[in-house]
>>> print(open('query-v4.txt').read())   # compact mmCIF, C-alpha atoms
# COMPACT_ATOMS: atom_id res chain seq x y z
CA MET A 1 -3.57 24.86 -17.95
CA LEU A 2 -5.58 21.97 -19.40
CA PHE A 3 -2.70 19.83 -20.63
CA ARG A 4 -0.11 20.75 -18.02
CA LYS A 5 1.73 17.67 -16.72
CA LYS A 6 0.98 16.87 -13.10
CA LYS A 7 4.01 17.77 -11.01
CA GLU A 8 5.16 15.20 -8.50
CA VAL A 9 4.88 16.56 -4.97
CA LYS A 10 7.28 15.14 -2.42
CA PRO A 11 6.43 15.36 1.26
CA GLU A 12 8.68 16.97 3.86
CA ILE A 13 9.45 14.32 6.45
CA TYR A 14 9.53 15.30 10.12
CA SER A 15 10.21 13.61 13.43
CA GLU A 16 8.27 14.90 16.42
CA GLU A 17 9.93 14.56 19.82
CA THR A 18 8.29 14.84 23.23
CA CYS A 19 10.30 15.46 26.38
CA GLN A 20 9.34 12.95 29.08
CA SER A 21 10.33 15.43 31.82
CA CYS A 22 8.73 18.74 30.77
CA ASP A 23 6.34 17.55 28.00
CA GLU A 24 7.91 19.99 25.54
CA LYS A 25 7.28 19.02 21.92
CA ILE A 26 9.69 19.82 19.12
CA ARG A 27 9.53 19.09 15.44
CA ARG A 28 12.64 18.53 13.37
CA LYS A 29 13.62 17.03 10.03
CA PHE A 30 13.71 13.24 9.98
CA ASP A 31 17.14 11.68 10.54
CA GLU A 32 17.94 8.18 9.36
CA GLY A 33 17.74 5.82 12.33
CA ASP A 34 14.78 7.65 13.89
CA TYR A 35 11.83 5.47 14.80
CA ILE A 36 8.62 6.07 16.71
CA TYR A 37 9.13 5.53 20.48
CA GLY A 38 12.89 5.48 20.00
CA SER A 39 15.00 7.94 22.01
CA GLY A 40 15.33 11.46 20.67
CA THR A 41 17.76 14.33 21.09
CA GLN A 42 18.32 16.45 24.21
CA CYS A 43 15.39 18.65 25.24
CA LYS A 44 16.08 22.29 24.40
CA LYS A 45 13.87 23.56 27.22
CA CYS A 46 14.96 21.50 30.25
CA SER A 47 18.10 19.83 28.81
CA SER A 48 16.73 16.42 29.73
CA SER A 49 17.95 13.55 27.64
CA LYS A 50 14.69 11.67 28.23
CA THR A 51 13.02 12.62 24.97
CA LEU A 52 11.06 10.22 22.84
CA VAL A 53 10.26 10.34 19.14
CA THR A 54 6.46 10.28 19.32
CA ALA A 55 5.63 10.68 15.63
CA ILE A 56 7.26 10.54 12.21
CA TYR A 57 5.23 11.79 9.30
CA GLY A 58 5.28 13.24 5.83
CA GLU A 59 3.73 16.65 5.36
CA TYR A 60 2.43 17.56 1.92
CA PRO A 61 1.81 21.13 0.76
CA PRO A 62 -1.72 22.21 1.79
CA ASP A 63 -3.15 22.24 -1.75
CA ASP A 64 -2.07 18.66 -2.50
CA LYS A 65 -5.12 16.42 -2.76
CA HIS A 66 -2.96 13.25 -3.05
CA MET B 1 -19.94 12.19 -67.17
CA SER B 2 -22.70 14.74 -67.47
CA GLY B 3 -24.69 12.62 -65.03
CA PHE B 4 -21.87 12.73 -62.48
CA SER B 5 -21.56 16.52 -62.95
CA SER B 6 -25.22 17.03 -62.28
CA PHE B 7 -24.97 14.79 -59.19
CA LEU B 8 -22.11 16.90 -57.91
CA SER B 9 -24.05 20.06 -58.68
CA GLN B 10 -26.96 18.80 -56.63
CA LEU B 11 -24.58 17.78 -53.87
CA GLY B 12 -23.02 21.21 -53.94
CA GLY B 13 -26.47 22.68 -53.55
CA LEU B 14 -27.21 20.43 -50.59
CA LEU B 15 -23.98 21.48 -48.89
CA GLY B 16 -24.71 25.15 -49.26
CA GLY B 17 -23.32 25.86 -52.74
CA SER B 18 -25.21 27.75 -55.37
CA GLY B 19 -26.39 24.45 -56.89
CA SER B 20 -26.61 25.93 -60.30
CA GLU B 21 -23.66 24.10 -61.85
CA PHE B 22 -20.58 22.00 -61.00
CA ASP B 23 -17.49 24.14 -60.87
CA PRO B 24 -14.32 21.99 -60.83
CA ASN B 25 -12.20 25.07 -60.11
CA SER B 26 -13.95 25.80 -56.82
CA PRO B 27 -11.80 24.58 -53.90
CA MET B 28 -14.89 24.38 -51.68
CA MET B 29 -16.41 21.85 -54.05
CA TRP B 30 -13.38 19.54 -53.69
CA PHE B 31 -13.46 20.01 -49.94
CA TYR B 32 -17.08 18.81 -49.89
CA ILE B 33 -16.24 15.80 -52.03
CA GLY B 34 -13.32 14.91 -49.75
CA SER B 35 -15.47 15.23 -46.62
CA ILE B 36 -18.06 12.86 -47.97
CA ALA B 37 -15.53 10.39 -49.36
CA ILE B 38 -13.86 10.05 -45.97
CA ILE B 39 -17.05 8.74 -44.30
CA PRO B 40 -16.90 5.21 -45.79
CA LEU B 41 -13.18 5.13 -44.95
CA PHE B 42 -13.96 5.77 -41.29
CA MET B 43 -16.83 3.28 -41.39
CA MET B 44 -14.42 0.58 -42.47
CA TYR B 45 -11.30 1.49 -40.53
CA ALA B 46 -12.50 3.40 -37.42
CA GLN B 47 -11.86 0.47 -35.09
CA LYS B 48 -8.38 -0.01 -36.50
CA PHE B 49 -7.60 3.68 -35.94
CA GLN B 50 -8.95 3.48 -32.40
CA SER B 51 -6.87 0.37 -31.71
CA ARG B 52 -3.78 2.21 -32.90
CA VAL B 53 -4.50 5.14 -30.59
CA ILE B 54 -5.14 2.83 -27.60
CA LEU B 55 -2.02 0.78 -28.35
CA GLY B 56 -0.02 4.00 -28.42
CA GLU B 57 -1.39 5.08 -25.04
CA ILE B 58 -0.81 1.68 -23.42
CA SER B 59 2.65 1.53 -24.90
CA LYS B 60 3.52 4.84 -23.20
CA SER B 61 2.20 3.59 -19.85
CA LEU B 62 4.05 0.30 -20.32
CA ALA B 63 7.29 2.21 -20.88
CA LYS B 64 6.63 4.10 -17.60
CA LEU B 65 6.01 0.82 -15.77
CA LYS B 66 9.21 -0.63 -17.22
CA THR B 67 11.21 2.34 -15.96
CA MET B 68 9.62 1.96 -12.53
CA LYS B 69 10.29 -1.78 -12.22
CA GLU B 70 13.86 -1.41 -13.44
CA GLY B 71 14.37 1.47 -11.01
CA ALA B 72 12.99 -0.65 -8.15
CA ARG B 73 15.30 -3.53 -9.03
CA ARG B 74 18.29 -1.19 -9.25
CA GLU B 75 17.43 0.42 -5.91
CA ALA B 76 17.12 -3.00 -4.24
CA VAL B 77 20.51 -4.09 -5.59
CA GLU B 78 22.14 -0.77 -4.62
CA TYR B 79 20.62 -0.89 -1.14
CA ILE B 80 21.98 -4.38 -0.49
CA LYS B 81 25.38 -3.38 -1.88
CA THR B 82 25.76 -0.12 0.01
CA ALA B 83 23.59 -0.19 3.14
CA ILE B 84 24.16 -3.80 4.16
CA LYS B 85 27.88 -3.44 4.61
CA ALA B 86 28.35 -6.89 6.10
CA SER B 87 26.98 -8.47 2.92
CA THR B 88 29.32 -11.20 1.77
CA SER B 89 27.79 -11.68 -1.62
CA SER B 90 29.83 -9.71 -4.17
CA ASP B 91 26.94 -9.00 -6.51
CA PRO B 92 23.42 -9.38 -5.15
CA ALA B 93 21.85 -8.80 -8.59
CA GLY B 94 21.43 -12.52 -9.25
CA GLY B 95 19.72 -13.06 -5.91
CA VAL B 96 17.44 -10.06 -6.45
CA ASP B 97 16.44 -11.33 -9.91
CA ARG B 98 15.66 -14.75 -8.47
CA PHE B 99 13.55 -13.10 -5.79
CA LEU B 100 11.62 -11.04 -8.37
CA GLU B 101 10.59 -14.19 -10.22
CA PHE B 102 9.71 -16.19 -7.12
CA PHE B 103 6.16 -17.55 -7.18
CA THR B 104 3.74 -19.18 -4.77
CA ILE B 105 1.17 -21.78 -5.82
CA MET B 106 -2.06 -21.43 -3.90
CA PRO B 107 -3.65 -24.62 -2.50
CA VAL B 108 -6.44 -26.33 -4.40
CA ASP B 109 -9.90 -24.99 -3.53
CA LEU B 110 -12.05 -27.69 -5.15
CA ASP B 111 -12.67 -29.02 -1.65
CA PRO B 112 -12.49 -25.85 0.48
CA SER B 113 -12.63 -27.70 3.80
CA GLY B 114 -9.38 -27.05 5.68
CA ILE B 115 -8.02 -24.68 3.04
CA VAL B 116 -6.97 -22.02 5.58
CA ARG B 117 -4.66 -24.50 7.32
CA LYS B 118 -3.08 -25.38 3.96
CA LEU B 119 -2.81 -21.71 3.05
CA ASP B 120 -1.18 -20.97 6.39
CA HIS B 121 1.33 -23.77 5.80
CA ILE B 122 2.18 -22.54 2.29
CA MET B 123 2.52 -18.90 3.34
CA ARG B 124 4.76 -19.83 6.27
CA THR B 125 6.97 -21.94 4.01
CA ARG B 126 7.13 -19.03 1.56
CA ASP B 127 8.01 -16.50 4.27
CA ASP B 128 10.68 -18.74 5.76
CA ARG B 129 12.17 -19.51 2.36
CA LEU B 130 12.29 -15.83 1.33
CA ARG B 131 13.74 -14.78 4.68
CA ALA B 132 16.42 -17.47 4.33
CA GLU B 133 17.25 -16.30 0.80
CA ILE B 134 17.60 -12.71 2.01
CA ARG B 135 19.78 -13.77 4.92
CA LYS B 136 22.02 -15.62 2.47
CA MET B 137 22.22 -12.51 0.30
CA CYS B 138 22.88 -10.17 3.27
CA ALA B 139 24.96 -12.36 5.56
CA GLY B 140 25.58 -10.68 8.92
CA ALA B 141 22.77 -8.15 8.56
CA THR B 142 20.61 -7.34 11.58
CA ASP B 143 16.96 -8.42 11.79
CA GLN B 144 15.86 -4.86 11.08
CA GLU B 145 18.02 -4.62 7.97
CA VAL B 146 16.75 -7.98 6.74
CA SER B 147 13.16 -6.81 7.21
CA LYS B 148 13.92 -3.61 5.27
CA VAL B 149 15.36 -5.64 2.38
CA GLU B 150 12.36 -7.97 2.52
CA ASN B 151 9.93 -5.04 2.25
CA ILE B 152 11.93 -3.41 -0.56
CA LEU B 153 12.04 -6.68 -2.48
CA GLU B 154 8.32 -7.26 -1.99
CA ALA B 155 7.57 -3.82 -3.46
CA ALA B 156 9.98 -4.50 -6.36
CA THR B 157 8.33 -7.91 -6.93
CA ALA B 158 4.87 -6.31 -7.03
CA LEU B 159 6.10 -3.74 -9.58
CA ASN B 160 7.67 -6.50 -11.66
CA MET B 161 4.40 -8.46 -11.60
CA ILE B 162 2.30 -5.42 -12.61
CA TYR B 163 4.67 -4.75 -15.52
CA LYS B 164 4.60 -8.36 -16.72
CA ILE B 165 0.80 -8.63 -16.58
CA VAL B 166 0.28 -5.33 -18.43
CA ARG B 167 2.85 -6.36 -21.04
CA HIS B 168 1.08 -9.71 -21.46
CA PHE B 169 -2.28 -8.12 -22.22
CA TYR B 170 -0.69 -5.39 -24.36
CA LEU B 171 1.05 -7.93 -26.57
CA MET B 172 -2.04 -10.13 -26.67
CA GLY B 173 -4.18 -7.16 -27.71
CA LYS B 174 -1.63 -6.17 -30.32
CA ARG B 175 -1.37 -9.68 -31.75
CA THR B 176 -5.10 -10.28 -31.93
CA THR B 177 -6.00 -6.59 -32.48
CA SER B 178 -8.82 -7.26 -30.05
CA MET B 179 -10.48 -4.02 -29.06
CA PHE B 180 -12.00 -5.67 -26.01
CA VAL B 181 -8.65 -6.61 -24.50
CA LEU B 182 -7.16 -3.21 -25.31
CA VAL B 183 -10.07 -1.15 -24.02
CA GLN B 184 -10.15 -3.06 -20.72
CA LEU B 185 -6.43 -2.54 -20.30
CA GLN B 186 -6.77 1.15 -21.14
CA MET B 187 -9.52 1.52 -18.53
CA VAL B 188 -7.55 0.00 -15.64
CA MET B 189 -4.25 1.60 -16.62
CA PRO B 190 -4.63 4.81 -14.54
CA LEU B 191 -5.33 2.71 -11.41
CA LEU B 192 -2.38 0.42 -12.12
CA LEU B 193 -0.08 3.39 -12.66
CA GLU B 194 -1.27 4.94 -9.39
CA GLU B 195 -0.52 1.71 -7.55
CA ALA B 196 2.86 1.37 -9.25
CA GLU B 197 3.79 4.93 -8.28
CA ALA B 198 2.80 4.20 -4.67
CA LEU B 199 4.99 1.08 -4.66
CA GLN B 200 7.87 3.09 -6.04
CA LYS B 201 7.47 5.67 -3.25
CA ALA B 202 7.13 2.88 -0.67
CA ILE B 203 10.66 1.71 -1.52
CA ASN B 204 12.06 5.06 -0.35
CA ALA B 205 10.18 4.79 2.95
CA PHE B 206 11.37 1.20 3.47
CA LYS B 207 14.99 2.11 2.70
CA GLN B 208 15.01 4.72 5.46
CA GLY B 209 12.96 2.66 7.90
CA GLN B 210 10.17 5.27 8.01
CA PRO B 211 6.71 4.36 9.32
CA ILE B 212 4.02 3.89 6.68
CA GLY B 213 0.30 4.66 6.85
CA ASP B 214 -0.49 1.01 7.61
CA GLY B 215 1.54 1.40 10.82
CA ILE B 216 -1.10 3.44 12.66
CA GLY B 217 -2.39 0.38 14.59
CA PRO B 218 1.07 -0.58 15.91
CA MET B 219 1.74 3.13 16.63
CA VAL B 220 -1.29 3.39 18.94
CA VAL B 221 -0.64 0.09 20.74
CA GLY B 222 3.13 0.79 20.86
CA LYS B 223 2.40 3.91 22.91
CA MET B 224 0.24 1.92 25.32
CA MET B 225 3.10 -0.59 25.71
CA LEU B 226 5.74 2.02 26.59
CA GLY B 227 7.56 1.22 29.85
CA LYS B 228 5.96 -2.23 30.15
CA GLU B 229 7.65 -5.60 29.86
CA LYS B 230 7.43 -7.06 26.35
CA LYS B 231 6.97 -10.79 25.97
CA LEU B 232 7.09 -12.84 22.81
CA ALA B 233 3.63 -14.05 21.79
CA ALA B 234 4.47 -15.51 18.37
CA LYS B 235 7.12 -15.05 15.71
CA GLU B 236 7.91 -11.29 15.47
CA THR B 237 4.91 -10.52 17.69
CA VAL B 238 5.09 -9.14 21.22
CA TYR B 239 2.61 -8.44 23.98
CA SER B 240 2.54 -6.51 27.25
CA GLU B 241 0.20 -6.54 30.18
CA GLY B 242 -1.31 -3.34 31.51
CA GLU B 243 -4.15 -1.99 33.55
CA TYR B 244 -6.89 0.53 32.84
CA LYS B 245 -9.66 1.50 35.27
CA GLY B 246 -9.66 -1.91 36.94
CA ARG B 247 -9.54 -3.82 33.63
CA LYS B 248 -6.59 -6.00 32.68
CA LEU B 249 -5.15 -5.07 29.28
CA TYR B 250 -3.22 -7.37 26.97
CA LEU B 251 -1.51 -5.23 24.35
CA LEU B 252 -0.38 -7.00 21.20
CA LYS B 253 1.56 -5.80 18.16
CA ALA B 254 4.26 -6.86 15.71
CA GLU B 255 7.77 -6.36 17.03
CA GLY B 256 9.08 -3.00 15.88
CA PRO B 257 10.81 -1.12 14.53
CA MET B 258 11.29 -3.99 12.09
CA GLY B 259 9.18 -3.96 8.94
CA THR B 260 6.86 -6.82 9.79
CA VAL B 261 3.17 -7.45 10.41
CA GLY B 262 3.92 -10.25 12.88
CA ARG B 263 1.51 -13.14 13.47
CA PRO B 264 -1.38 -11.76 15.52
CA GLY B 265 -3.60 -14.74 14.66
CA GLU B 266 -1.11 -17.26 15.96
CA ALA B 267 -0.41 -15.02 18.98
CA ILE B 268 -4.06 -14.82 20.03
CA MET B 269 -4.50 -18.58 19.52
CA ARG B 270 -1.53 -19.15 21.79
CA LEU B 271 -2.52 -16.61 24.46
CA ALA B 272 -6.26 -17.23 24.63
CA GLY B 273 -6.19 -20.86 23.51
CA ASP B 274 -3.03 -22.64 24.66
CA MET B 275 -2.09 -20.43 27.64
CA GLY B 276 -5.71 -20.14 28.73
CA ILE B 277 -5.66 -16.39 29.34
CA LYS B 278 -9.23 -15.28 29.89
CA ILE B 279 -10.17 -12.48 27.48
CA ASP B 280 -13.58 -10.81 27.61
CA VAL B 281 -13.24 -8.36 24.71
CA ILE B 282 -10.90 -7.96 21.72
CA VAL B 283 -10.33 -4.51 20.24
CA MET B 284 -8.46 -4.37 16.93
CA ILE B 285 -6.94 -1.23 15.44
CA ASP B 286 -6.05 -1.15 11.76
CA ALA B 287 -5.75 1.07 8.71
CA ALA B 288 -8.70 0.70 6.33
CA LEU B 289 -9.23 1.74 2.75
CA LYS B 290 -11.22 4.93 2.40
CA LEU B 291 -13.74 5.53 -0.33
CA GLU B 292 -13.20 8.42 -2.73
CA GLY B 293 -14.48 11.55 -1.04
CA GLU B 294 -13.69 10.38 2.49
CA ARG B 295 -10.92 12.15 4.37
CA THR B 296 -7.55 10.58 5.12
CA GLY B 297 -7.13 10.07 8.85
CA ASP B 298 -10.84 9.80 9.70
CA VAL B 299 -11.49 7.37 12.54
CA ALA B 300 -14.45 4.99 12.64
CA GLU B 301 -15.46 2.15 14.92
CA GLY B 302 -17.31 -1.06 14.20
CA ILE B 303 -17.55 -4.78 14.80
CA GLY B 304 -15.43 -7.63 13.48
CA ALA B 305 -11.81 -8.60 12.92
CA ALA B 306 -10.04 -5.56 11.47
CA ILE B 307 -7.20 -7.22 9.63
CA GLY B 308 -6.29 -7.55 5.96
CA GLY B 309 -3.93 -9.90 4.20
CA ILE B 310 -4.64 -13.24 2.61
CA GLY B 311 -7.17 -14.23 5.30
CA VAL B 312 -5.26 -16.70 7.47
CA GLU B 313 -4.77 -14.35 10.44
CA LYS B 314 -8.37 -13.13 10.17
CA TYR B 315 -9.62 -16.72 10.22
CA GLN B 316 -7.52 -17.57 13.27
CA ILE B 317 -8.73 -14.53 15.22
CA GLU B 318 -12.37 -15.13 14.28
CA GLU B 319 -11.99 -18.81 15.15
CA VAL B 320 -10.71 -18.08 18.68
CA ALA B 321 -13.26 -15.29 19.20
CA THR B 322 -16.16 -17.52 18.12
CA ARG B 323 -14.98 -20.57 20.07
CA LEU B 324 -14.48 -18.61 23.29
CA ASP B 325 -17.44 -16.28 22.65
CA ILE B 326 -15.33 -13.10 22.74
CA PRO B 327 -16.85 -9.98 21.13
CA LEU B 328 -14.63 -8.40 18.46
CA TYR B 329 -14.56 -4.60 18.18
CA ALA B 330 -12.70 -2.68 15.49
CA VAL B 331 -11.32 0.84 15.27
CA ILE B 332 -10.09 1.89 11.84
CA VAL B 333 -8.20 4.84 10.37
CA LYS B 334 -9.23 5.61 6.82
CA GLN B 335 -6.62 6.07 4.11
CA SER B 336 -6.00 5.30 0.44
CA VAL B 337 -3.87 2.40 -0.84
CA GLN B 338 -1.15 4.93 -1.63
CA ASP B 339 -1.26 6.38 1.91
CA ALA B 340 -1.11 2.89 3.42
CA ILE B 341 2.20 1.92 1.80
CA THR B 342 4.02 5.25 1.70
CA ILE B 343 5.40 7.46 4.51
CA MET B 344 2.72 8.04 7.15
CA ARG B 345 0.88 11.27 6.38
CA LYS B 346 0.55 13.93 9.05
CA GLU B 347 -3.24 13.49 9.10
CA ILE B 348 -2.83 9.79 9.93
CA ALA B 349 -0.21 10.40 12.63
CA GLU B 350 -2.47 13.04 14.18
CA ALA B 351 -5.33 10.54 14.30
CA SER B 352 -3.45 8.36 16.82
CA GLU B 353 -4.74 10.34 19.81
CA LYS B 354 -8.33 10.07 18.60
CA VAL B 355 -7.88 6.33 18.05
CA THR B 356 -6.49 5.91 21.59
CA ASN B 357 -9.49 7.78 23.04
CA THR B 358 -11.88 5.67 20.94
CA VAL B 359 -10.23 2.44 22.16
CA TYR B 360 -10.54 3.56 25.79
CA SER B 361 -14.17 4.58 25.27
CA VAL B 362 -14.93 1.12 23.78
CA ILE B 363 -13.26 -0.47 26.83
CA ASP B 364 -15.29 1.80 29.16
CA ASP B 365 -18.57 0.99 27.43
CA LYS B 366 -18.17 -2.71 26.73
CA THR B 367 -16.40 -4.02 29.81
CA THR B 368 -16.72 -3.81 33.55
CA GLU B 369 -14.07 -3.75 36.26
CA GLY B 370 -12.19 -7.01 36.66
CA GLN B 371 -12.58 -8.00 33.00
CA SER B 372 -9.73 -8.50 30.52
CA VAL B 373 -9.31 -6.79 27.17
CA MET B 374 -6.95 -7.63 24.34
CA VAL B 375 -5.96 -4.62 22.22
CA ILE B 376 -4.29 -5.56 18.92
CA GLY B 377 -2.43 -3.03 16.76
CA VAL B 378 -2.63 -4.54 13.27
CA GLY B 379 -0.32 -3.50 10.44
CA ASN B 380 3.27 -3.16 9.30
CA THR B 381 5.30 -1.87 12.22
CA MET B 382 8.19 -0.50 10.12
CA GLY B 383 9.70 2.43 12.03
CA VAL B 384 7.40 1.97 15.03
CA GLY B 385 8.87 0.70 18.31
CA GLN B 386 7.08 -0.13 21.54
>>> encode(input="query-v4.txt", output="structure tokens")
Amino acid sequence: MLFRKKKEVKPEIYSEETCQSCDEKIRRKFDEGDYIYGSGTQCKKCSSSKTLVTAIYGEYPPDDKH
Amino acid sequence: MSGFSSFLSQLGGLLGGSGSEFDPNSPMMWFYIGSIAIIPLFMMYAQKFQSRVILGEISKSLAKLKTMKEGARREAVEYIKTAIKASTSSDPAGGVDRFLEFFTIMPVDLDPSGIVRKLDHIMRTRDDRLRAEIRKMCAGATDQEVSKVENILEAATALNMIYKIVRHFYLMGKRTTSMFVLVQLQMVMPLLLEEAEALQKAINAFKQGQPIGDGIGPMVVGKMMLGKEKKLAAKETVYSEGEYKGRKLYLLKAEGPMGTVGRPGEAIMRLAGDMGIKIDVIVMIDAALKLEGERTGDVAEGIGAAIGGIGVEKYQIEEVATRLDIPLYAVIVKQSVQDAITIMRKEIAEASEKVTNTVYSVIDDKTTEGQSVMVIGVGNTMGVGQ
């Protein structure tokens, strides 16, 4: 539509954790208090508590040119 | 009268009528007359009509900006009230309003010699004063909370300033009915609105302590610093020492996860100048503005001091590099203004590995074993530790 109002697209925010023992990577929704290179949750694969938040990012839908 | 009738008859003929005689009962004839009569009206009043249309458009955008700046102010007040629980001030609204109207007078540039030193002094005084005001408003808050409030208030101040400037030119254009003022304002309005929307989104990221696009430099260097001892290099700026293929690395970034850019200029002056650390190469990593058509997250390398801001830090780094004859290399991650101040996009976060590889390849190519390299992660380190 020519005159359709542009809809605001909000990104989904994720925290990516990497296990320092088994190198397993998991992606979960961002929790307040998370920061990059801060400690993460327990590793689901090897149960190690040595996980590190290695990235926090916003993911937009694929068609969003932003 | 007969003359006028014959004129109309001829006119009717010209406009496709039969042309034989004037027929006052024909609606088409009156339509033709109306169409022609409106031309002089437009010739005289077209600019006034256009001004009205432009004023209407600007007025709508101004209303949007007003909503945004009021929303930003409200969010800042609410954040201080609710998130900073230790706050002793009962109502921070007064403090926030004072902050929004705070101004800085730039030093005189009639005699530019030594202006950077003056600028540095003024900016430091400003930063210290604002930080002190925030601390007074949020007594007992941690450094990280204070930095969050500072970033939120800076975004709210920028929104307030955009609104006031647009309103100034809108009212000036309206008062003088100057098309030139109005048209210029209309032309820049989409860009201003885009920037205002980005600032509004930035407040959300700051409130939750999320990393922003500008934090890619600190993110890369923060990873290199993991597990190493962090020493204070300057206010809110830390460095670590490392080793890579026989080269000594000095890794420098703002102290995270606070929302600060640190003082890399002062840090390098202290390390390379005062402390006499021998540095052979400086590699700077920063976010850089992309041109339209370029992709967000693209990595490029070049020469020079990759650092934005008012110019003080850039001057200090260039000064040390020139005095000690240290080559400056830059690695940048391209992004838009909006990307730089809102939550870090996935494409930017994914570029960190490529940036790290590029930095190591620059070190491989430009240095030999036994040399020292300083790697500086430039940018706001909100939500990025080390």
>>> interface_residues(input="query-v4.txt", of="chain B", to="chain A", cutoff="10 Å", atoms="all atoms listed in the file", output="PyMOL selection string")
chain B and resi 201+207-213+219+222-223+226+256-258+296+336+338-339+342-350+352+381-386
>>> atom_distance(input="query-v4.txt", atom1="CA of Met374 in chain B", atom2="CA of Val238 in chain B")
12.5 Å
>>> residues_around(input="query-v4.txt", residues="Cys43 in chain A", least_positions_apart="2", cutoff="12 Å", atoms="only C-alpha atoms", output="ChimeraX atom specification")
/A:16-27,39-41,45-53
>>> residues_around(input="query-v4.txt", residues="Ile84 in chain B", least_positions_apart="4", cutoff="8 Å", atoms="only C-alpha atoms", output="list in words")
Tyr79, Ile80, Cys138, Ala141 and Glu145 of chain B
>>> atom_distance(input="query-v4.txt", atom1="CA of Val116 in chain B", atom2="CA of Glu319 in chain B")
11.3 Å
>>> closest_residue(input="query-v4.txt", among="B:Gln200, B:Asn151, B:Met269, B:Leu232", to="Met68 in chain B", atoms="all atoms listed in the file")
B:Gln200
>>> atom_distance(input="query-v4.txt", atom1="CA of Gly262 in chain B", atom2="CA of Leu199 in chain B")
20.9 Å
>>> axis_aligned_box(input="query-v4.txt", around="range 180-193 of chain B", padding_each_side="8 Å", output="JSON")
{"center_x": -6.0, "center_y": -0.9, "center_z": -18.7, "size_x": 27.9, "size_y": 27.4, "size_z": 30.6}
>>> closest_atom_pairs(input="query-v4.txt", of="range 44-104 of chain B", to="range 178-188 of chain B", cutoff="9 Å", atoms="only C-alpha atoms", output="tab-separated table")
residue	atom	partner	partner_atom	distance
B:Gln47	CA	B:Met179	CA	7.6
B:Lys48	CA	B:Met179	CA	8.7
B:Gln50	CA	B:Met179	CA	8.4
B:Ser51	CA	B:Met179	CA	6.3
B:Ile54	CA	B:Leu182	CA	6.8
B:Leu55	CA	B:Leu182	CA	7.2
B:Glu57	CA	B:Gln186	CA	7.7
B:Ile58	CA	B:Gln186	CA	6.4
>>> residues_around(input="query-v4.txt", residues="Ala330 in chain B", least_positions_apart="3", cutoff="9 Å", atoms="all atoms listed in the file", output="ChimeraX atom specification")
/B:282-286,300-306,359
